[in-house]
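Source file: protein37.cif (mmCIF, C-alpha atoms)
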data_protein
loop_
_atom_site.group_PDB
_atom_site.id
_atom_site.type_symbol
_atom_site.label_atom_id
_atom_site.label_comp_id
_atom_site.auth_asym_id
_atom_site.auth_seq_id
_atom_site.Cartn_x
_atom_site.Cartn_y
_atom_site.Cartn_z
ATOM 1 C CA ARG Q 174 -24.241 8.609 17.035
ATOM 2 C CA LYS Q 175 -20.802 8.136 18.605
ATOM 3 C CA GLU Q 176 -18.071 6.938 16.283
ATOM 4 C CA VAL Q 177 -17.108 4.125 18.643
ATOM 5 C CA GLU Q 178 -19.487 2.532 21.134
ATOM 6 C CA GLN Q 179 -18.822 0.022 23.857
ATOM 7 C CA ASP Q 180 -20.840 -1.708 26.530
ATOM 8 C CA PRO Q 181 -19.484 -0.082 29.690
ATOM 9 C CA GLY Q 182 -20.027 -3.243 31.738
ATOM 10 C CA PRO Q 183 -18.873 -3.989 34.320
ATOM 11 C CA PHE Q 184 -18.229 -7.600 33.507
ATOM 12 C CA ASN Q 185 -17.623 -9.380 36.804
ATOM 13 C CA VAL Q 186 -16.108 -12.809 36.280
ATOM 14 C CA PRO Q 187 -14.364 -15.417 38.455
ATOM 15 C CA GLU Q 188 -10.748 -16.301 37.920
ATOM 16 C CA GLY Q 189 -10.349 -18.796 35.136
ATOM 17 C CA ALA Q 190 -13.506 -17.761 33.323
ATOM 18 C CA THR Q 191 -13.774 -16.584 29.757
ATOM 19 C CA VAL Q 192 -15.113 -13.103 29.108
ATOM 20 C CA ALA Q 193 -15.870 -11.489 25.765
ATOM 21 C CA PHE Q 194 -17.228 -8.142 24.686
ATOM 22 C CA ASN Q 195 -17.717 -6.131 21.524
ATOM 23 C CA CYS Q 196 -17.213 -2.660 20.221
ATOM 24 C CA THR Q 197 -19.156 -1.163 17.315
ATOM 25 C CA TYR Q 198 -17.917 1.574 15.009
ATOM 26 C CA SER Q 199 -19.981 3.808 12.765
ATOM 27 C CA ASN Q 200 -17.563 4.768 9.999
ATOM 28 C CA SER Q 201 -17.307 2.090 7.333
ATOM 29 C CA ALA Q 202 -14.071 3.711 6.110
ATOM 30 C CA SER Q 203 -12.311 2.689 9.315
ATOM 31 C CA GLN Q 204 -9.192 0.688 8.589
ATOM 32 C CA SER Q 205 -7.189 0.199 11.746
ATOM 33 C CA PHE Q 206 -8.468 -1.241 14.981
ATOM 34 C CA PHE Q 207 -6.898 -1.648 18.383
ATOM 35 C CA TRP Q 208 -7.606 -2.630 21.935
ATOM 36 C CA TYR Q 209 -5.999 -0.536 24.640
ATOM 37 C CA ARG Q 210 -6.025 -1.360 28.318
ATOM 38 C CA GLN Q 211 -6.415 1.266 31.031
ATOM 39 C CA ASP Q 212 -5.897 0.484 34.692
ATOM 40 C CA CYS Q 213 -7.571 2.615 37.333
ATOM 41 C CA ARG Q 214 -6.080 6.132 37.350
ATOM 42 C CA LYS Q 215 -3.391 5.097 34.867
ATOM 43 C CA GLU Q 216 -2.722 5.937 31.257
ATOM 44 C CA PRO Q 217 -4.008 3.743 28.402
ATOM 45 C CA LYS Q 218 -1.575 1.195 26.987
ATOM 46 C CA LEU Q 219 -1.784 -0.754 23.759
ATOM 47 C CA LEU Q 220 -3.002 -4.298 24.355
ATOM 48 C CA MET Q 221 -3.157 -5.507 20.778
ATOM 49 C CA SER Q 222 -3.923 -4.546 17.223
ATOM 50 C CA VAL Q 223 -6.869 -6.208 15.514
ATOM 51 C CA TYR Q 224 -6.241 -7.757 12.126
ATOM 52 C CA SER Q 225 -8.796 -8.638 9.461
ATOM 53 C CA SER Q 226 -8.339 -12.364 9.887
ATOM 54 C CA GLY Q 227 -8.470 -12.158 13.652
ATOM 55 C CA ASN Q 228 -5.475 -12.590 15.901
ATOM 56 C CA GLU Q 229 -4.446 -14.063 19.176
ATOM 57 C CA ASP Q 230 -1.940 -12.942 21.779
ATOM 58 C CA GLY Q 231 -1.674 -15.459 24.559
ATOM 59 C CA ARG Q 232 -5.008 -15.576 26.349
ATOM 60 C CA PHE Q 233 -6.413 -12.672 24.318
ATOM 61 C CA THR Q 234 -8.207 -13.080 21.004
ATOM 62 C CA ALA Q 235 -9.394 -10.192 18.863
ATOM 63 C CA GLN Q 236 -11.812 -10.453 15.952
ATOM 64 C CA LEU Q 237 -12.990 -7.992 13.326
ATOM 65 C CA ASN Q 238 -16.364 -8.169 11.583
ATOM 66 C CA ARG Q 239 -16.387 -5.575 8.826
ATOM 67 C CA ALA Q 240 -19.848 -6.451 7.555
ATOM 68 C CA SER Q 241 -21.421 -5.694 10.908
ATOM 69 C CA GLN Q 242 -18.820 -3.093 11.849
ATOM 70 C CA TYR Q 243 -17.697 -4.432 15.162
ATOM 71 C CA ILE Q 244 -14.599 -5.794 16.818
ATOM 72 C CA SER Q 245 -14.444 -8.128 19.745
ATOM 73 C CA LEU Q 246 -12.059 -9.083 22.493
ATOM 74 C CA LEU Q 247 -12.082 -12.430 24.253
ATOM 75 C CA ILE Q 248 -10.068 -13.170 27.354
ATOM 76 C CA ARG Q 249 -9.551 -16.816 28.264
ATOM 77 C CA ASP Q 250 -8.544 -18.166 31.663
ATOM 78 C CA SER Q 251 -9.041 -14.761 33.304
ATOM 79 C CA LYS Q 252 -6.496 -13.608 35.864
ATOM 80 C CA LEU Q 253 -6.958 -11.087 38.655
ATOM 81 C CA SER Q 254 -4.497 -8.895 36.813
ATOM 82 C CA ASP Q 255 -6.826 -8.701 33.827
ATOM 83 C CA SER Q 256 -9.091 -6.385 35.833
ATOM 84 C CA ALA Q 257 -9.052 -3.130 33.896
ATOM 85 C CA THR Q 258 -10.981 -1.011 31.448
ATOM 86 C CA TYR Q 259 -10.567 -2.075 27.837
ATOM 87 C CA LEU Q 260 -10.714 0.716 25.276
ATOM 88 C CA CYS Q 261 -11.678 0.104 21.670
ATOM 89 C CA VAL Q 262 -9.791 2.342 19.249
ATOM 90 C CA VAL Q 263 -10.580 2.912 15.590
ATOM 91 C CA ASN Q 264 -8.706 4.801 12.892
ATOM 92 C CA ARG Q 265 -9.632 5.706 9.343
ATOM 93 C CA ALA Q 266 -7.230 5.069 6.496
ATOM 94 C CA ASN Q 267 -4.499 7.707 6.177
ATOM 95 C CA ASP Q 268 -5.926 9.559 9.134
ATOM 96 C CA TYR Q 269 -3.955 10.494 12.206
ATOM 97 C CA LYS Q 270 -6.937 10.831 14.498
ATOM 98 C CA LEU Q 271 -7.784 7.787 16.547
ATOM 99 C CA SER Q 272 -11.274 7.539 17.998
ATOM 100 C CA PHE Q 273 -11.599 5.952 21.415
ATOM 101 C CA GLY Q 274 -14.583 4.203 22.900
ATOM 102 C CA ALA Q 275 -15.533 4.952 26.491
ATOM 103 C CA GLY Q 276 -14.298 1.547 27.574
ATOM 104 C CA THR Q 277 -15.562 -1.760 28.945
ATOM 105 C CA THR Q 278 -14.736 -2.484 32.563
ATOM 106 C CA VAL Q 279 -13.755 -6.032 33.493
ATOM 107 C CA THR Q 280 -13.386 -7.149 37.084
ATOM 108 C CA VAL Q 281 -11.945 -10.590 37.775
ATOM 109 C CA ARG Q 282 -12.639 -11.898 41.270
ATOM 110 C CA ALA Q 283 -10.832 -14.592 43.200
ATOM 111 C CA GLY Z 1237 13.529 9.010 29.807
ATOM 112 C CA ALA Z 1238 11.987 6.164 27.925
ATOM 113 C CA GLY Z 1239 8.390 7.280 28.036
ATOM 114 C CA VAL Z 1240 6.152 10.290 27.554
ATOM 115 C CA SER Z 1241 6.508 12.681 30.452
ATOM 116 C CA GLN Z 1242 3.794 15.090 31.566
ATOM 117 C CA SER Z 1243 3.866 17.788 34.187
ATOM 118 C CA PRO Z 1244 2.456 18.649 36.563
ATOM 119 C CA SER Z 1245 0.844 15.343 37.503
ATOM 120 C CA ASN Z 1246 -1.800 17.169 39.505
ATOM 121 C CA LYS Z 1247 -2.986 20.754 39.310
ATOM 122 C CA VAL Z 1248 -5.622 22.445 41.419
ATOM 123 C CA THR Z 1249 -6.540 25.927 40.325
ATOM 124 C CA GLU Z 1250 -9.187 28.500 41.014
ATOM 125 C CA LYS Z 1251 -11.841 29.263 38.444
ATOM 126 C CA GLY Z 1252 -10.697 32.053 36.147
ATOM 127 C CA LYS Z 1253 -6.970 31.342 36.432
ATOM 128 C CA ASP Z 1254 -4.793 30.266 33.519
ATOM 129 C CA VAL Z 1255 -2.973 26.923 33.535
ATOM 130 C CA GLU Z 1256 -0.204 25.481 31.415
ATOM 131 C CA LEU Z 1257 0.285 21.751 30.962
ATOM 132 C CA ARG Z 1258 3.486 20.309 29.592
ATOM 133 C CA CYS Z 1259 4.228 17.200 27.570
ATOM 134 C CA ASP Z 1260 7.637 15.803 26.727
ATOM 135 C CA PRO Z 1261 7.191 13.083 24.082
ATOM 136 C CA ILE Z 1262 9.405 10.115 23.341
ATOM 137 C CA SER Z 1263 12.493 11.263 21.506
ATOM 138 C CA GLY Z 1264 12.110 10.909 17.747
ATOM 139 C CA HIS Z 1265 8.330 10.683 17.776
ATOM 140 C CA THR Z 1266 6.981 13.088 15.177
ATOM 141 C CA ALA Z 1267 3.321 12.857 16.110
ATOM 142 C CA LEU Z 1268 1.971 14.276 19.338
ATOM 143 C CA TYR Z 1269 -1.623 14.206 20.579
ATOM 144 C CA TRP Z 1270 -3.564 15.789 23.396
ATOM 145 C CA TYR Z 1271 -6.653 14.025 24.712
ATOM 146 C CA ARG Z 1272 -8.941 14.808 27.616
ATOM 147 C CA GLN Z 1273 -10.636 12.229 29.803
ATOM 148 C CA SER Z 1274 -13.400 13.151 32.202
ATOM 149 C CA LEU Z 1275 -14.444 10.813 35.001
ATOM 150 C CA GLY Z 1276 -16.022 7.685 33.573
ATOM 151 C CA GLN Z 1277 -15.787 9.007 30.030
ATOM 152 C CA GLY Z 1278 -13.810 8.051 26.970
ATOM 153 C CA LEU Z 1279 -10.888 9.954 25.597
ATOM 154 C CA GLU Z 1280 -11.832 13.194 23.862
ATOM 155 C CA PHE Z 1281 -9.465 14.278 21.093
ATOM 156 C CA LEU Z 1282 -8.207 17.844 21.508
ATOM 157 C CA ILE Z 1283 -5.365 18.495 19.074
ATOM 158 C CA TYR Z 1284 -2.719 16.768 17.006
ATOM 159 C CA PHE Z 1285 0.786 17.899 16.054
ATOM 160 C CA GLN Z 1286 2.884 16.655 13.184
ATOM 161 C CA GLY Z 1287 6.265 18.128 13.947
ATOM 162 C CA ASN Z 1288 5.545 21.662 15.122
ATOM 163 C CA SER Z 1289 2.411 22.043 13.024
ATOM 164 C CA ALA Z 1290 -1.102 21.460 14.249
ATOM 165 C CA PRO Z 1291 -3.145 20.515 11.172
ATOM 166 C CA ASP Z 1292 -6.221 19.791 13.238
ATOM 167 C CA LYS Z 1293 -7.317 21.971 16.123
ATOM 168 C CA SER Z 1294 -10.964 21.089 15.729
ATOM 169 C CA GLY Z 1295 -11.112 19.210 19.018
ATOM 170 C CA LEU Z 1296 -10.226 22.198 21.169
ATOM 171 C CA PRO Z 1297 -13.393 22.881 23.199
ATOM 172 C CA SER Z 1298 -13.217 26.674 23.045
ATOM 173 C CA ASP Z 1299 -10.929 29.573 22.238
ATOM 174 C CA ARG Z 1300 -9.719 29.464 25.839
ATOM 175 C CA PHE Z 1301 -7.682 26.409 24.839
ATOM 176 C CA SER Z 1302 -4.456 26.679 22.871
ATOM 177 C CA ALA Z 1303 -1.439 24.494 22.307
ATOM 178 C CA GLU Z 1304 1.973 24.751 20.794
ATOM 179 C CA ARG Z 1305 4.901 22.525 20.111
ATOM 180 C CA THR Z 1306 8.472 23.673 19.684
ATOM 181 C CA GLY Z 1307 11.530 21.994 18.228
ATOM 182 C CA GLY Z 1308 9.412 19.034 17.243
ATOM 183 C CA SER Z 1309 9.506 17.999 20.853
ATOM 184 C CA VAL Z 1310 7.931 19.561 23.942
ATOM 185 C CA SER Z 1311 4.318 20.661 23.769
ATOM 186 C CA THR Z 1312 2.323 22.893 26.068
ATOM 187 C CA LEU Z 1313 -1.442 23.031 26.384
ATOM 188 C CA THR Z 1314 -2.713 26.293 27.828
ATOM 189 C CA ILE Z 1315 -6.160 26.845 29.250
ATOM 190 C CA GLN Z 1316 -7.097 30.448 29.921
ATOM 191 C CA ARG Z 1317 -9.749 31.581 32.364
ATOM 192 C CA THR Z 1318 -10.364 28.042 33.570
ATOM 193 C CA GLN Z 1319 -13.905 26.869 34.238
ATOM 194 C CA GLN Z 1320 -15.102 24.025 36.432
ATOM 195 C CA GLU Z 1321 -16.067 21.976 33.375
ATOM 196 C CA ASP Z 1322 -12.388 21.995 32.381
ATOM 197 C CA SER Z 1323 -11.687 19.603 35.271
ATOM 198 C CA ALA Z 1324 -10.426 16.359 33.763
ATOM 199 C CA VAL Z 1325 -7.316 14.317 33.144
ATOM 200 C CA TYR Z 1326 -5.346 15.717 30.221
ATOM 201 C CA LEU Z 1327 -3.415 12.982 28.447
ATOM 202 C CA CYS Z 1328 -0.587 13.483 26.015
ATOM 203 C CA ALA Z 1329 0.521 10.762 23.631
ATOM 204 C CA SER Z 1330 3.177 10.448 20.985
ATOM 205 C CA SER Z 1331 3.796 8.050 18.154
ATOM 206 C CA LEU Z 1332 6.630 7.489 15.745
ATOM 207 C CA VAL Z 1333 4.481 8.363 12.748
ATOM 208 C CA PRO Z 1334 0.867 9.514 12.580
ATOM 209 C CA GLY Z 1335 -2.079 7.320 11.769
ATOM 210 C CA ALA Z 1336 -1.322 4.546 14.224
ATOM 211 C CA GLY Z 1337 -1.021 1.557 11.944
ATOM 212 C CA ASN Z 1338 2.065 -0.152 13.239
ATOM 213 C CA SER Z 1339 2.961 2.881 15.303
ATOM 214 C CA PRO Z 1340 0.892 2.783 18.483
ATOM 215 C CA LEU Z 1341 0.263 5.713 20.764
ATOM 216 C CA HIS Z 1342 2.382 5.951 23.879
ATOM 217 C CA PHE Z 1343 0.622 7.881 26.591
ATOM 218 C CA GLY Z 1344 2.004 9.919 29.442
ATOM 219 C CA ASN Z 1345 0.625 9.577 32.964
ATOM 220 C CA GLY Z 1346 -1.596 12.589 32.439
ATOM 221 C CA THR Z 1347 -2.216 15.815 34.308
ATOM 222 C CA ARG Z 1348 -5.215 15.718 36.624
ATOM 223 C CA LEU Z 1349 -6.687 19.206 36.542
ATOM 224 C CA THR Z 1350 -9.173 20.307 39.170
ATOM 225 C CA VAL Z 1351 -10.805 23.707 38.880
ATOM 226 C CA THR Z 1352 -12.403 24.883 42.110
#
Write out the structure in this file as structure tokens.
Amino acid sequence: RKEVEQDPGPFNVPEGATVAFNCTYSNSASQSFFWYRQDCRKEPKLLMSVYSSGNEDGRFTAQLNRASQYISLLIRDSKLSDSATYLCVVNRANDYKLSFGAGTTVTVRA
Amino acid sequence: GAGVSQSPSNKVTEKGKDVELRCDPISGHTALYWYRQSLGQGLEFLIYFQGNSAPDKSGLPSDRFSAERTGGSVSTLTIQRTQQEDSAVYLCASSLVPGAGNSPLHFGNGTRLTVT
């Protein structure tokens, strides 16, 4: 079983829509969680960290469910510029090695 | 430069040749990572450096792969006797301290390696 699994999508949504997707992780010792964004043929960039109580950054909301071992990302009022692949990243406590999911592709259409 | 710099950005090589990929991390970042990304796949961890030491080389796919880091800065990833399955984008990342936490990874633009 992969350490981090994501629905590859693609999620095709119209501008202004809300889109949400999850990422599951297998290691219950995981402590740090992140969403990275990767544009086509570009390098990944940190979108946001995911905190235990959930957190929001503008139109983006991240949630963590430790009991079911998944994190989620919700994008409100989608913009064309939100089209990208969203990578789920998980890290165990005191461990340097981050594990990346294969990504969820979101396409926002006009 | 403000970011992680990788060179070359593209490399086409014949099967069996050796290649050397270079990564120049953000100044002051102690942790340096190499990942590999094949088309449509996630990032595959290759190796991690803390300073000049590589405590974990377990991700290197075979003994044809090696990496070093000097002066706590520049790192090179060498692939000997390249094979077609080595074709991928090789991404380097650095962070201020290891373990992410409040120190996210900053990635370079990657080297796109094509083995013909």
Practice prompt. Measuring atom to atom with only C-alpha atoms, identify which of Q:Ala235, Q:Val281, Q:Cys213, Q:Ala275 is nearest to Pro181 (chain Q).
Written response: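 Closest residue, counting only C-alpha atoms: Q:Ala275.
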Worksheet item: CA of Val1248 (chain Z) and CA of Phe1285 (chain Z) are how many Å apart?
Response: 26.6 Å
Practice prompt. Identify every residue of chain Q that has at least one atom within 9 Å of any atom of chain Z, counting all atoms listed in the file, and report the result as a list in words.
Written response: Gln204, Ser205, Phe206, Phe207, Arg214, Lys215, Glu216, Pro217, Lys218, Leu219, Ser222, Leu260, Asn264, Arg265, Ala266, Asn267, Asp268, Tyr269, Lys270, Leu271, Ser272, Phe273, Gly274, Ala275 and Gly276 of chain Q
Please write the residues from the selection above to a file, keeping C-alpha atoms, as a CSV table (one decimal), keeping the file's coordinate frame.
chain,number,residue,atom,x,y,z
Q,204,GLN,CA,-9.2,0.7,8.6
Q,205,SER,CA,-7.2,0.2,11.7
Q,206,PHE,CA,-8.5,-1.2,15.0
Q,207,PHE,CA,-6.9,-1.6,18.4
Q,214,ARG,CA,-6.1,6.1,37.4
Q,215,LYS,CA,-3.4,5.1,34.9
Q,216,GLU,CA,-2.7,5.9,31.3
Q,217,PRO,CA,-4.0,3.7,28.4
Q,218,LYS,CA,-1.6,1.2,27.0
Q,219,LEU,CA,-1.8,-0.8,23.8
Q,222,SER,CA,-3.9,-4.5,17.2
Q,260,LEU,CA,-10.7,0.7,25.3
Q,264,ASN,CA,-8.7,4.8,12.9
Q,265,ARG,CA,-9.6,5.7,9.3
Q,266,ALA,CA,-7.2,5.1,6.5
Q,267,ASN,CA,-4.5,7.7,6.2
Q,268,ASP,CA,-5.9,9.6,9.1
Q,269,TYR,CA,-4.0,10.5,12.2
Q,270,LYS,CA,-6.9,10.8,14.5
Q,271,LEU,CA,-7.8,7.8,16.5
Q,272,SER,CA,-11.3,7.5,18.0
Q,273,PHE,CA,-11.6,6.0,21.4
Q,274,GLY,CA,-14.6,4.2,22.9
Q,275,ALA,CA,-15.5,5.0,26.5
Q,276,GLY,CA,-14.3,1.5,27.6
Need to verify the contact set: Glu188 (chain Q), 6 Å, all atoms listed in the file, exclusion of same-chain residues closer than 6 positions in sequence. Can you return it as a PDB file with C-alpha atoms, in the frame of the given file?
ATOM      1  CA  SER Q 251      -9.041 -14.761  33.304  1.00  0.00           C
ATOM      2  CA  LYS Q 252      -6.496 -13.608  35.864  1.00  0.00           C
ATOM      3  CA  VAL Q 281     -11.945 -10.590  37.775  1.00  0.00           C
ATOM      4  CA  ARG Q 282     -12.639 -11.898  41.270  1.00  0.00           C
ATOM      5  CA  ALA Q 283     -10.832 -14.592  43.200  1.00  0.00           C
TER       6      ALA Q 283
END
Item to complete: Just give me the gap between CA of Tyr1271 (chain Z) and CA of Ser203 (chain Q) in Å, one decimal is fine.
Response: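 According to the coordinates, CA of Tyr1271 (chain Z) and CA of Ser203 (chain Q) are separated by 19.9 Å.
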Item to complete: Do a neighbour search on Ser245 (chain Q) at 8 Å with all atoms listed in the file, toss out local chain neighbours closer than 4 positions, and write the hits as a list in words.
Response: Ala193, Phe194, Asn195, Cys196, Ala235, Gln236 and Leu237 of chain Q
Discussion item. Given the PyMOL selection byres ((chain Z and resi 1260) around 10) and the file above, list the residues it selects as a list in words.
Written reply: Gly1237, Gly1239, Val1240, Ser1241, Gln1242, Ser1243, Arg1258, Cys1259, Pro1261, Ile1262, Ser1263, Leu1268, Arg1305, Ser1309, Val1310, Ser1311, Thr1312, Cys1328, Ala1329, Ser1330 and Gly1344 of chain Z
Worksheet entry | Atomic separation - CA of Lys1253 (chain Z) relative to CA of Leu1296 (chain Z), Å | 18.1 Å
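Comparing Q:Asn238, Q:Asn200, Q:Thr278, Q:Gln179 by their smallest distance to Ala257 (chain Q), the closest is Q:Thr278 (using only C-alpha atoms).
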Take every atom of region 252-256 of chain Q listed in the file, fit an axis-aligned box around them, add 6 Å per side, and give the centre and edge lengths in Å to one decimal as lines of an AutoDock Vina configuration file.
center_x = -6.8
center_y = -10.0
center_z = 36.2
size_x = 16.6
size_y = 19.2
size_z = 16.8
Result set, the PyMOL selection byres ((chain Q and resi 190) around 8) on current file, as a PDB file with C-alpha atoms, in the coordinates of the input:
ATOM      1  CA  VAL Q 186     -16.108 -12.809  36.280  1.00  0.00           C
ATOM      2  CA  PRO Q 187     -14.364 -15.417  38.455  1.00  0.00           C
ATOM      3  CA  GLU Q 188     -10.748 -16.301  37.920  1.00  0.00           C
ATOM      4  CA  GLY Q 189     -10.349 -18.796  35.136  1.00  0.00           C
ATOM      5  CA  THR Q 191     -13.774 -16.584  29.757  1.00  0.00           C
ATOM      6  CA  VAL Q 192     -15.113 -13.103  29.108  1.00  0.00           C
ATOM      7  CA  ARG Q 249      -9.551 -16.816  28.264  1.00  0.00           C
ATOM      8  CA  ASP Q 250      -8.544 -18.166  31.663  1.00  0.00           C
ATOM      9  CA  SER Q 251      -9.041 -14.761  33.304  1.00  0.00           C
TER      10      SER Q 251
END
Fill in: Residues near Asp1299 (chain Z), cut-off 12 Å, all atoms listed in the file, skip fewer than 6 positions along chain, as an MDAnalysis selection string
chainID Z and resid 1293 1314:1318
Can I get the selected residues back with C-alpha atoms, as a CSV table (one decimal), in the frame of the given file?
chain,number,residue,atom,x,y,z
Z,1293,LYS,CA,-7.3,22.0,16.1
Z,1314,THR,CA,-2.7,26.3,27.8
Z,1315,ILE,CA,-6.2,26.8,29.2
Z,1316,GLN,CA,-7.1,30.4,29.9
Z,1317,ARG,CA,-9.7,31.6,32.4
Z,1318,THR,CA,-10.4,28.0,33.6
Practice prompt. Would you kindly translate the PyMOL selection byres ((chain Q and resi 242) around 8) into the concrete residues it picks from this file, as a ChimeraX atom specification?
Written response: /Q:197-199,201,237-241,243-244
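Proximity to Thr1249 (chain Z) was assessed for Z:Val1351, Z:Ser1298, Z:Ala1303, Z:Trp1270 counting all atoms listed in the file; the smallest distance is recorded for Z:Val1351.
Restricting the calculation to only C-alpha atoms, the smallest distance between Glu229 (chain Q) and any of Q:Ile248, Q:Arg174, Q:Ser254, Q:Gln211 is found for Q:Ile248.
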Worksheet entry | Using all atoms listed in the file: which of Z:Leu1332, Z:Val1255, Z:Ala1324, Z:Ala1238 has the shortest distance to Phe1301 (chain Z) |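 Checking each candidate against Phe1301 (chain Z), we get Z:Val1255 as the closest.
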Would you mind completing region 1278-1295 of chain Z so that it carries N, CA, C and O atoms, and writing it out as a PDB file, in the frame of the given file?
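The resulting part_27.pdb:
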ATOM      1  N   GLY Z1278     -14.870   8.424  27.893  1.00  0.00           N
ATOM      2  CA  GLY Z1278     -13.810   8.051  26.970  1.00  0.00           C
ATOM      3  C   GLY Z1278     -12.863   9.200  26.729  1.00  0.00           C
ATOM      4  O   GLY Z1278     -13.019  10.289  27.264  1.00  0.00           O
ATOM      5  N   LEU Z1279     -11.869   8.923  25.931  1.00  0.00           N
ATOM      6  CA  LEU Z1279     -10.888   9.954  25.597  1.00  0.00           C
ATOM      7  C   LEU Z1279     -11.444  10.882  24.522  1.00  0.00           C
ATOM      8  O   LEU Z1279     -11.921  10.433  23.479  1.00  0.00           O
ATOM      9  N   GLU Z1280     -11.353  12.172  24.787  1.00  0.00           N
ATOM     10  CA  GLU Z1280     -11.832  13.194  23.862  1.00  0.00           C
ATOM     11  C   GLU Z1280     -10.625  13.817  23.171  1.00  0.00           C
ATOM     12  O   GLU Z1280      -9.749  14.376  23.831  1.00  0.00           O
ATOM     13  N   PHE Z1281     -10.585  13.722  21.852  1.00  0.00           N
ATOM     14  CA  PHE Z1281      -9.465  14.278  21.093  1.00  0.00           C
ATOM     15  C   PHE Z1281      -9.484  15.804  21.182  1.00  0.00           C
ATOM     16  O   PHE Z1281     -10.519  16.434  21.006  1.00  0.00           O
ATOM     17  N   LEU Z1282      -8.315  16.389  21.444  1.00  0.00           N
ATOM     18  CA  LEU Z1282      -8.207  17.844  21.508  1.00  0.00           C
ATOM     19  C   LEU Z1282      -7.441  18.398  20.306  1.00  0.00           C
ATOM     20  O   LEU Z1282      -7.944  19.246  19.578  1.00  0.00           O
ATOM     21  N   ILE Z1283      -6.203  17.924  20.118  1.00  0.00           N
ATOM     22  CA  ILE Z1283      -5.365  18.495  19.074  1.00  0.00           C
ATOM     23  C   ILE Z1283      -4.264  17.511  18.729  1.00  0.00           C
ATOM     24  O   ILE Z1283      -3.893  16.673  19.548  1.00  0.00           O
ATOM     25  N   TYR Z1284      -3.770  17.643  17.510  1.00  0.00           N
ATOM     26  CA  TYR Z1284      -2.719  16.768  17.006  1.00  0.00           C
ATOM     27  C   TYR Z1284      -1.605  17.624  16.396  1.00  0.00           C
ATOM     28  O   TYR Z1284      -1.874  18.609  15.714  1.00  0.00           O
ATOM     29  N   PHE Z1285      -0.364  17.239  16.653  1.00  0.00           N
ATOM     30  CA  PHE Z1285       0.786  17.899  16.054  1.00  0.00           C
ATOM     31  C   PHE Z1285       1.554  16.915  15.191  1.00  0.00           C
ATOM     32  O   PHE Z1285       1.802  15.774  15.585  1.00  0.00           O
ATOM     33  N   GLN Z1286       1.929  17.370  14.013  1.00  0.00           N
ATOM     34  CA  GLN Z1286       2.884  16.655  13.184  1.00  0.00           C
ATOM     35  C   GLN Z1286       4.107  17.570  13.119  1.00  0.00           C
ATOM     36  O   GLN Z1286       4.069  18.622  12.473  1.00  0.00           O
ATOM     37  N   GLY Z1287       5.171  17.184  13.765  1.00  0.00           N
ATOM     38  CA  GLY Z1287       6.265  18.128  13.947  1.00  0.00           C
ATOM     39  C   GLY Z1287       5.761  19.267  14.819  1.00  0.00           C
ATOM     40  O   GLY Z1287       5.134  19.045  15.852  1.00  0.00           O
ATOM     41  N   ASN Z1288       6.004  20.493  14.376  1.00  0.00           N
ATOM     42  CA  ASN Z1288       5.545  21.662  15.122  1.00  0.00           C
ATOM     43  C   ASN Z1288       4.204  22.199  14.628  1.00  0.00           C
ATOM     44  O   ASN Z1288       3.689  23.174  15.181  1.00  0.00           O
ATOM     45  N   SER Z1289       3.664  21.554  13.613  1.00  0.00           N
ATOM     46  CA  SER Z1289       2.411  22.043  13.024  1.00  0.00           C
ATOM     47  C   SER Z1289       1.209  21.306  13.589  1.00  0.00           C
ATOM     48  O   SER Z1289       1.272  20.106  13.845  1.00  0.00           O
ATOM     49  N   ALA Z1290       0.142  22.046  13.746  1.00  0.00           N
ATOM     50  CA  ALA Z1290      -1.102  21.460  14.249  1.00  0.00           C
ATOM     51  C   ALA Z1290      -2.149  21.516  13.139  1.00  0.00           C
ATOM     52  O   ALA Z1290      -2.880  22.497  13.029  1.00  0.00           O
ATOM     53  N   PRO Z1291      -2.199  20.483  12.282  1.00  0.00           N
ATOM     54  CA  PRO Z1291      -3.145  20.515  11.172  1.00  0.00           C
ATOM     55  C   PRO Z1291      -4.598  20.414  11.585  1.00  0.00           C
ATOM     56  O   PRO Z1291      -5.478  20.721  10.802  1.00  0.00           O
ATOM     57  N   ASP Z1292      -4.830  19.965  12.808  1.00  0.00           N
ATOM     58  CA  ASP Z1292      -6.221  19.791  13.238  1.00  0.00           C
ATOM     59  C   ASP Z1292      -6.373  20.285  14.664  1.00  0.00           C
ATOM     60  O   ASP Z1292      -5.899  19.647  15.608  1.00  0.00           O
ATOM     61  N   LYS Z1293      -7.041  21.419  14.788  1.00  0.00           N
ATOM     62  CA  LYS Z1293      -7.317  21.971  16.123  1.00  0.00           C
ATOM     63  C   LYS Z1293      -8.799  21.869  16.441  1.00  0.00           C
ATOM     64  O   LYS Z1293      -9.273  22.482  17.392  1.00  0.00           O
ATOM     65  N   SER Z1294      -9.498  21.103  15.643  1.00  0.00           N
ATOM     66  CA  SER Z1294     -10.964  21.089  15.729  1.00  0.00           C
ATOM     67  C   SER Z1294     -11.477  20.546  17.055  1.00  0.00           C
ATOM     68  O   SER Z1294     -12.607  20.819  17.442  1.00  0.00           O
ATOM     69  N   GLY Z1295     -10.656  19.796  17.764  1.00  0.00           N
ATOM     70  CA  GLY Z1295     -11.112  19.210  19.018  1.00  0.00           C
ATOM     71  C   GLY Z1295     -11.021  20.141  20.208  1.00  0.00           C
ATOM     72  O   GLY Z1295     -11.562  19.843  21.275  1.00  0.00           O
TER      73      GLY Z1295
END
